[in-house]
Amino acid sequence: MQIRTGLIVCSVAVAVLLTGCGGQSVKPAVVDKTSVAEKPVVGWRYNNVTPLPAAEATIQEQLLRQFAEWDGVPYRLGGTTKKGIDCSAFVQRSFAAQFDLNLPRTTLKQAVTGTPVGRDELRPGDLVFFKTGKYSRHVGIYIGNQSFLHAGETLGVSITPLANPYWRKRFWQARRPGIVQTSESQSLADR
């Protein structure tokens with residue numbers, strides 16, 4: 001009976017790790033609420049974003065509009081609402097709300113969506129993925145200015161520089177879903 005219970009508990013633990021985004025289970029020892037692990041970009045003004053009609057908005061503007069609506073929502077593994085959301089649910093909801101594009105729910109399934117992109121070829125709207133532990137993955141949305149939008153454990157929904165030492169060290173891959181244009185100046189109306 002103990003072996004069976006142990007197998008069930010172990011199976012559930014593996015299933016949890018492989019489904020959602022898995023959070024950031026492995027962190028450097030210095031990470032706390034005041035560390036640089038998820039220091040947001042400074043100098044951008046998100047509170048004064050004026051919503052534009054979708055036909056006129058660039059991908060970046062639409063992502064910043066999504067950020068303005070979700071800024072500071074706390075991270076919650078498995079969460080899908082403004083009470084708490086995980087990284088893959090935030091990406092999924094952002095693409096549905098801003099681009100009417102349905103992405104898979106889990107980070108691992110999102111990691112095979114679209115086409116691979118080199119780190120030096122990133123455009124706003126590309127998905128960026130990180131290995132945060134042996135079996136844990138994290139996803140965010142590149143917004144330009146060498147920064148990405150994501151739901152992270154420390155700050156919840158925030159914008160973080162890709163050059164941040166924590167994320168730079170853990171960068172895994174980038175993927176381009178169908179909404180991203182070949183020219184940053186094109187709007188969704190042009191596709």
# chains A, B, ... in the order shown; residues from 1 in each chain; ligands from 1
$ select_by_dssp --residues "segment 53-172 of chain A" --states "helix (DSSP H, G or I)" --output "PyMOL selection string"
chain A and resi 59-70+87-99+107-110+119-121+165-170
$ residues_around --residues "Leu162 of chain A" --least-positions-apart "3" --cutoff "12 Å" --atoms "only C-alpha atoms" --output "VMD selection string"
chain A and resid 37 to 41 119 to 120 122 128 to 130 140 to 150 159 165 to 172 174
$ write_last_selection --atoms "N, CA, C and O atoms" --output "tab-separated table (two decimals), in the first residue's frame"
chain	number	residue	atom	x	y	z
A	37	ALA	N	16.43	39.74	-9.77
A	37	ALA	CA	15.97	38.61	-10.56
A	37	ALA	C	14.90	39.00	-11.56
A	37	ALA	O	14.84	38.45	-12.64
A	38	GLU	N	14.06	39.93	-11.23
A	38	GLU	CA	13.01	40.34	-12.15
A	38	GLU	C	12.85	41.85	-12.17
A	38	GLU	O	11.74	42.36	-12.27
A	39	LYS	N	13.94	42.57	-12.06
A	39	LYS	CA	13.86	44.03	-12.04
A	39	LYS	C	13.19	44.52	-13.33
A	39	LYS	O	13.63	44.19	-14.42
A	40	PRO	N	12.12	45.29	-13.22
A	40	PRO	CA	11.42	45.74	-14.42
A	40	PRO	C	12.20	46.82	-15.16
A	40	PRO	O	13.11	47.43	-14.63
A	41	VAL	N	11.81	47.01	-16.41
A	41	VAL	CA	12.41	48.06	-17.23
A	41	VAL	C	11.97	49.40	-16.68
A	41	VAL	O	10.81	49.60	-16.36
A	119	ARG	N	18.01	34.33	-31.07
A	119	ARG	CA	17.91	35.39	-30.06
A	119	ARG	C	18.19	36.77	-30.66
A	119	ARG	O	17.63	37.77	-30.23
A	120	ASP	N	19.02	36.82	-31.66
A	120	ASP	CA	19.36	38.09	-32.30
A	120	ASP	C	18.34	38.50	-33.37
A	120	ASP	O	18.48	39.55	-34.00
A	122	LEU	N	14.87	38.49	-32.63
A	122	LEU	CA	13.60	38.66	-31.93
A	122	LEU	C	12.83	39.89	-32.40
A	122	LEU	O	13.43	40.94	-32.66
A	128	VAL	N	9.48	33.87	-25.78
A	128	VAL	CA	10.82	33.57	-25.28
A	128	VAL	C	10.69	32.56	-24.14
A	128	VAL	O	9.82	32.67	-23.28
A	129	PHE	N	11.55	31.55	-24.17
A	129	PHE	CA	11.48	30.44	-23.22
A	129	PHE	C	12.78	30.32	-22.44
A	129	PHE	O	13.86	30.59	-22.95
A	130	PHE	N	12.62	29.88	-21.19
A	130	PHE	CA	13.74	29.78	-20.27
A	130	PHE	C	13.67	28.44	-19.55
A	130	PHE	O	12.59	27.94	-19.25
A	140	GLY	N	7.63	33.87	-21.78
A	140	GLY	CA	7.22	35.27	-21.80
A	140	GLY	C	7.06	35.72	-23.24
A	140	GLY	O	7.28	34.95	-24.17
A	141	ILE	N	6.71	36.99	-23.42
A	141	ILE	CA	6.49	37.55	-24.75
A	141	ILE	C	7.47	38.70	-24.96
A	141	ILE	O	7.48	39.66	-24.18
A	142	TYR	N	8.28	38.61	-25.99
A	142	TYR	CA	9.23	39.67	-26.31
A	142	TYR	C	8.45	40.91	-26.75
A	142	TYR	O	7.53	40.82	-27.56
A	143	ILE	N	8.80	42.08	-26.19
A	143	ILE	CA	8.08	43.31	-26.54
A	143	ILE	C	8.96	44.34	-27.24
A	143	ILE	O	8.51	45.44	-27.53
A	144	GLY	N	10.20	43.99	-27.51
A	144	GLY	CA	11.13	44.96	-28.07
A	144	GLY	C	11.98	45.56	-26.96
A	144	GLY	O	11.83	45.21	-25.79
A	145	ASN	N	12.91	46.44	-27.31
A	145	ASN	CA	13.77	47.10	-26.34
A	145	ASN	C	14.50	46.08	-25.46
A	145	ASN	O	14.75	46.33	-24.29
A	146	GLN	N	14.79	44.90	-26.04
A	146	GLN	CA	15.49	43.83	-25.32
A	146	GLN	C	14.80	43.46	-24.01
A	146	GLN	O	15.44	43.14	-23.01
A	147	SER	N	13.45	43.49	-24.01
A	147	SER	CA	12.66	43.19	-22.81
A	147	SER	C	11.53	42.23	-23.14
A	147	SER	O	11.11	42.12	-24.28
A	148	PHE	N	11.03	41.56	-22.09
A	148	PHE	CA	9.91	40.65	-22.30
A	148	PHE	C	8.87	40.82	-21.20
A	148	PHE	O	9.17	41.23	-20.08
A	149	LEU	N	7.64	40.51	-21.57
A	149	LEU	CA	6.47	40.60	-20.71
A	149	LEU	C	6.16	39.19	-20.23
A	149	LEU	O	6.15	38.26	-21.04
A	150	HIS	N	5.93	39.03	-18.92
A	150	HIS	CA	5.68	37.68	-18.40
A	150	HIS	C	5.03	37.74	-17.03
A	150	HIS	O	4.93	38.80	-16.41
A	159	ILE	N	7.47	43.48	-16.76
A	159	ILE	CA	8.36	43.54	-17.92
A	159	ILE	C	9.78	43.50	-17.38
A	159	ILE	O	10.13	44.22	-16.45
A	165	PRO	N	20.66	39.18	-15.41
A	165	PRO	CA	21.54	38.01	-15.25
A	165	PRO	C	20.78	36.70	-15.01
A	165	PRO	O	21.18	35.67	-15.55
A	166	TYR	N	19.72	36.74	-14.24
A	166	TYR	CA	18.95	35.51	-13.97
A	166	TYR	C	18.39	34.94	-15.27
A	166	TYR	O	18.53	33.75	-15.55
A	167	TRP	N	17.75	35.78	-16.07
A	167	TRP	CA	17.08	35.30	-17.29
A	167	TRP	C	18.09	35.05	-18.41
A	167	TRP	O	17.92	34.11	-19.18
A	168	ARG	N	19.11	35.90	-18.54
A	168	ARG	CA	20.10	35.70	-19.60
A	168	ARG	C	20.74	34.32	-19.47
A	168	ARG	O	20.93	33.61	-20.46
A	169	LYS	N	21.05	33.93	-18.26
A	169	LYS	CA	21.69	32.64	-18.00
A	169	LYS	C	20.77	31.46	-18.31
A	169	LYS	O	21.23	30.37	-18.66
A	170	ARG	N	19.47	31.66	-18.24
A	170	ARG	CA	18.51	30.57	-18.40
A	170	ARG	C	17.78	30.56	-19.74
A	170	ARG	O	16.91	29.73	-19.97
A	171	PHE	N	18.14	31.52	-20.63
A	171	PHE	CA	17.47	31.57	-21.94
A	171	PHE	C	17.60	30.22	-22.64
A	171	PHE	O	18.67	29.63	-22.68
A	172	TRP	N	16.49	29.74	-23.20
A	172	TRP	CA	16.46	28.43	-23.83
A	172	TRP	C	16.23	28.56	-25.33
A	172	TRP	O	17.02	28.10	-26.14
A	174	ALA	N	13.51	30.76	-28.59
A	174	ALA	CA	12.44	31.69	-28.95
A	174	ALA	C	11.66	31.10	-30.11
A	174	ALA	O	12.21	30.38	-30.94
$ atom_distance --atom1 "atom CA of Ile179 of chain A" --atom2 "atom CA of Asp100 of chain A"
9.5 Å
